[in-house]
Amino acid sequence: MADSYVLGWILCSVMALVALCGVVLRRQKWKGISMRTEPLKTVLTSNGECGSADASHADVIIVGAGVAGSALAHTLGKDGRRVQVIERDLSEPDRIVGELLQPGGYLKLIELGLEDCVEEIDAQQVFGYALFKDGKHTQLSYPLEKFHSDVSGRSFHNGRFIQRMREKSASLPNVHLEQGTVTSLLEEKGIIRGVQYKTKDGQELTAFASLTIVCDGCFSNLRRSLCNPKVDIPSSFVGLVLENCHLPYSNHGHVILADPSPILFYPISSTETRCLVDVPGQKVPSIANGEMANYLKTIVAPQVPPEIYDSFVAAVDKGNIRTMPNRSMPAAPHPTPGALLMGDAFNMRHPLTGGGMTVALSDIVVLRDLLRPLHDLNDAPMLCKYLESFYTLRKPVASTINTLAGALYKVFCASPDQARKEMRQACFDYLSLGGVFSAGPISLLSGLNPRPLSLVLHFFAVAIYSLGRLLLPFPSPKRIWIGARLISGASGIIFPIIKAEGVRQMFFPATVPAYYRAPPPVK
């Protein structure tokens, strides 16, 4: 009996010794890792918890695999960078915006080698717009005469387009695409070293890279540490899909200058037409209690062209009504070593003009060209200083499209003010003149001629055109007063947008020192 106790005591002692050795070895191992990760602190976190270190190291981490993230992953991967992409949900997105790519954006898609991503998704070519107001209409064609016949706008299901780009980026051996939710950026001594994220099975991991690029969209929870976000929500879109609808102008976007604000129609497949009804303000009628359906039938339906009316009412009756807030946010970055913002996480504009994807793809081209001369990205402070030029070089395209979107939305909205009514009517009539009066503005909208000065000239040409109609043939005190308010109102629309974009960077980028910044020397 005593022998049994002795044997048991010996076995317990041996097991305790083995366990103790294991603990010591494990602590030694983790001590080595914690020396690298202990100084790291969380910049932003959704749950306030810290996860364990997963020592994966890439050249670039991209947070988000939407249009910007997927295109950027393929672009950097093609240039030989090791890229890790972390996307919250890799299933096909189902959105009511991001469905119209302007010709300027399509040219950037070609430049990035991604033009085949609009193939095999039933994408439709778009050759311009049709504008409707008070029973009148005019056709505005893109100035595509100097381009290959394949160059035009493209409209499609946003989710199909994104899935194609995800597949193409994931096909590169040095691009790793995984599903996970990034909860925080990891900072060490003022430098972003990577991210903390949670996998789809709930495991907390960290990933490290020389450069972290945040492309997590308009709902970004990471942008606050990298920029000064001033998000404005002027309206919401109410989305419908019309089936087998024959638009008055095939392969064109349709803009109805309705009351209180514009209505858009454009094809997204060979059998489907997207309708977006703009509702001003942050409150929309309730879908659940039938207020929205009643609003669409009684207020909106009577203002759509007769050719579309039956399809529109049928889509409302079908009940698949979606809403989405329209956000605008000027780019106001805090240059941070080791990190960069892109896409809607960085800069947004009203989606009326469909310019978001064009801006994102143009930004990717600028960033690619800046990074190409660099052999490695390890010197974060020097890289941050060099990439300040990105914010200036992107301005011609971004500021033109951003300013046009904001200004055009305000002009196109109905108003009880007589001066605003005159401006809205003058804009329609100015575009209806054809020639340079329509080709100039539509080339700006399409991204084919991203020149801020041209935008300002056309905007005030509309105001002066409206003023001339008011004062001729005989000016009256009332008309002079309305004309003065019209010029004042036009200035009040465009100048605040220009100020937010940055006057110097927008019109005089060559005077900004960062414009001439050279790549860091090779060590």
# chains A, B, ... in the order shown; residues from 1 in each chain; ligands from 1

call {"tool": "closest_atom_pairs", "arguments": {"of": "segment 39-135 of chain A", "to": "segment 325-341 of chain A", "cutoff": "10 Å", "atoms": "only C-alpha atoms", "output": "CSV"}}
result
residue,atom,partner,partner_atom,distance
A:Val60,CA,A:Gly338,CA,9.5
A:Ile61,CA,A:Ala339,CA,9.3
A:Ile62,CA,A:Leu340,CA,9.6
A:Val63,CA,A:Leu341,CA,9.6
A:Val97,CA,A:Asn326,CA,9.6

call {"tool": "select_by_dssp", "arguments": {"residues": "segment 173-349 of chain A", "states": "alpha helix (DSSP H)", "output": "list of chain:residue names"}}
result
A:Glu291, A:Met292, A:Ala293, A:Asn294, A:Tyr295, A:Pro306, A:Glu307, A:Ile308, A:Tyr309, A:Asp310, A:Ser311, A:Phe312, A:Val313, A:Ala314, A:Ala315, A:Val316, A:Asp317, A:Lys318

call {"tool": "residues_around", "arguments": {"residues": "segment 372-375 of chain A", "least_positions_apart": "4", "cutoff": "12 Å", "atoms": "only C-alpha atoms", "output": "ChimeraX atom specification"}}
result
/A:59,75-81,364-368,379,382-383,386-387,518-523

call {"tool": "residues_around", "arguments": {"residues": "Tyr409 of chain A", "least_positions_apart": "3", "cutoff": "12 Å", "atoms": "only C-alpha atoms", "output": "PyMOL selection string"}}
result
chain A and resi 234-235+255+257-258+260-263+278-280+326+328+349-354+402-406+412-414+424+427+493-494

call {"tool": "closest_atom_pairs", "arguments": {"of": "segment 265-317 of chain A", "to": "segment 100-107 of chain A", "cutoff": "12 Å", "atoms": "only C-alpha atoms", "output": "JSON lines"}}
result
{"residue": "A:Phe265", "atom": "CA", "partner": "A:Leu100", "partner_atom": "CA", "distance": 10.8}
{"residue": "A:Tyr266", "atom": "CA", "partner": "A:Leu100", "partner_atom": "CA", "distance": 8.2}
{"residue": "A:Pro267", "atom": "CA", "partner": "A:Leu100", "partner_atom": "CA", "distance": 9.0}
{"residue": "A:Ile268", "atom": "CA", "partner": "A:Leu100", "partner_atom": "CA", "distance": 8.1}
{"residue": "A:Ser269", "atom": "CA", "partner": "A:Leu100", "partner_atom": "CA", "distance": 11.4}
{"residue": "A:Thr273", "atom": "CA", "partner": "A:Leu100", "partner_atom": "CA", "distance": 11.7}
{"residue": "A:Arg274", "atom": "CA", "partner": "A:Leu100", "partner_atom": "CA", "distance": 10.1}

call {"tool": "write_last_selection", "arguments": {"atoms": "N, CA and C atoms", "output": "CSV table (one decimal), in the first residue's frame"}}
result
chain,number,residue,atom,x,y,z
A,265,PHE,N,-32.0,57.3,-63.5
A,265,PHE,CA,-32.3,56.0,-64.1
A,265,PHE,C,-31.1,55.6,-64.9
A,266,TYR,N,-30.6,54.4,-64.8
A,266,TYR,CA,-29.5,53.9,-65.7
A,266,TYR,C,-29.6,52.4,-65.7
A,267,PRO,N,-29.2,51.7,-66.8
A,267,PRO,CA,-29.2,50.3,-66.9
A,267,PRO,C,-28.1,49.7,-66.1
A,268,ILE,N,-28.4,48.5,-65.4
A,268,ILE,CA,-27.3,47.8,-64.7
A,268,ILE,C,-27.1,46.4,-65.2
A,269,SER,N,-28.0,46.0,-66.1
A,269,SER,CA,-27.8,44.7,-66.8
A,269,SER,C,-28.7,44.8,-68.1
A,273,THR,N,-33.0,48.0,-64.8
A,273,THR,CA,-32.7,49.4,-64.8
A,273,THR,C,-32.7,49.9,-63.3
A,274,ARG,N,-31.6,50.5,-62.9
A,274,ARG,CA,-31.6,51.1,-61.5
A,274,ARG,C,-32.3,52.4,-61.5

call {"tool": "closest_atom_pairs", "arguments": {"of": "segment 399-501 of chain A", "to": "segment 140-161 of chain A", "cutoff": "12 Å", "atoms": "only C-alpha atoms", "output": "Markdown table"}}
result
| residue | atom | partner | partner_atom | distance |
| --- | --- | --- | --- | --- |
| A:Phe428 | CA | A:Leu140 | CA | 10.9 |
| A:Tyr430 | CA | A:Leu140 | CA | 11.4 |
| A:Leu431 | CA | A:Leu140 | CA | 7.7 |
| A:Ser432 | CA | A:Leu140 | CA | 8.0 |
| A:Leu433 | CA | A:Leu140 | CA | 10.1 |
| A:Gly434 | CA | A:Leu140 | CA | 7.8 |
| A:Gly435 | CA | A:Leu140 | CA | 9.8 |
| A:Val436 | CA | A:Pro143 | CA | 10.3 |
| A:Phe437 | CA | A:Leu140 | CA | 10.1 |
| A:Ser438 | CA | A:Leu140 | CA | 6.4 |
| A:Ala439 | CA | A:Pro143 | CA | 6.4 |
| A:Gly440 | CA | A:Pro143 | CA | 8.8 |
| A:Pro441 | CA | A:Leu140 | CA | 9.5 |
| A:Ile442 | CA | A:Tyr142 | CA | 6.2 |
| A:Ser443 | CA | A:Tyr142 | CA | 6.5 |
| A:Leu444 | CA | A:Tyr142 | CA | 9.8 |
| A:Leu445 | CA | A:Tyr142 | CA | 9.2 |
| A:Ser446 | CA | A:Tyr142 | CA | 7.1 |
| A:Gly447 | CA | A:Tyr142 | CA | 10.1 |
| A:Leu448 | CA | A:Pro143 | CA | 8.3 |
| A:Asn449 | CA | A:Pro143 | CA | 9.9 |

call {"tool": "select_by_dssp", "arguments": {"residues": "segment 231-345 of chain A", "states": "strand (DSSP E or B)", "output": "ChimeraX atom specification"}}
result
/A:232-243,253-256,263-267,272-280,322-329,333,336,339-341

call {"tool": "closest_residue", "arguments": {"among": "A:Leu371, A:Ala123, A:Ala514, A:Ile464", "to": "Ala484 of chain A", "atoms": "only C-alpha atoms"}}
result
A:Ile464

call {"tool": "residues_around", "arguments": {"residues": "Thr271 of chain A", "least_positions_apart": "6", "cutoff": "8 Å", "atoms": "only C-alpha atoms", "output": "PyMOL selection string"}}
result
chain A and resi 243-245

call {"tool": "write_last_selection", "arguments": {"atoms": "C-alpha atoms", "output": "mmCIF file, in the first residue's frame"}}
result
data_model
loop_
_atom_site.group_PDB
_atom_site.id
_atom_site.type_symbol
_atom_site.label_atom_id
_atom_site.label_comp_id
_atom_site.auth_asym_id
_atom_site.auth_seq_id
_atom_site.Cartn_x
_atom_site.Cartn_y
_atom_site.Cartn_z
ATOM 1 C CA GLU A 243 -37.309 45.059 -64.883
ATOM 2 C CA ASN A 244 -37.506 45.029 -68.699
ATOM 3 C CA CYS A 245 -37.802 48.801 -68.762
#

call {"tool": "closest_residue", "arguments": {"among": "A:Glu272, A:Asp317, A:Asp369, A:Glu87", "to": "Leu393 of chain A", "atoms": "only C-alpha atoms"}}
result
A:Asp369
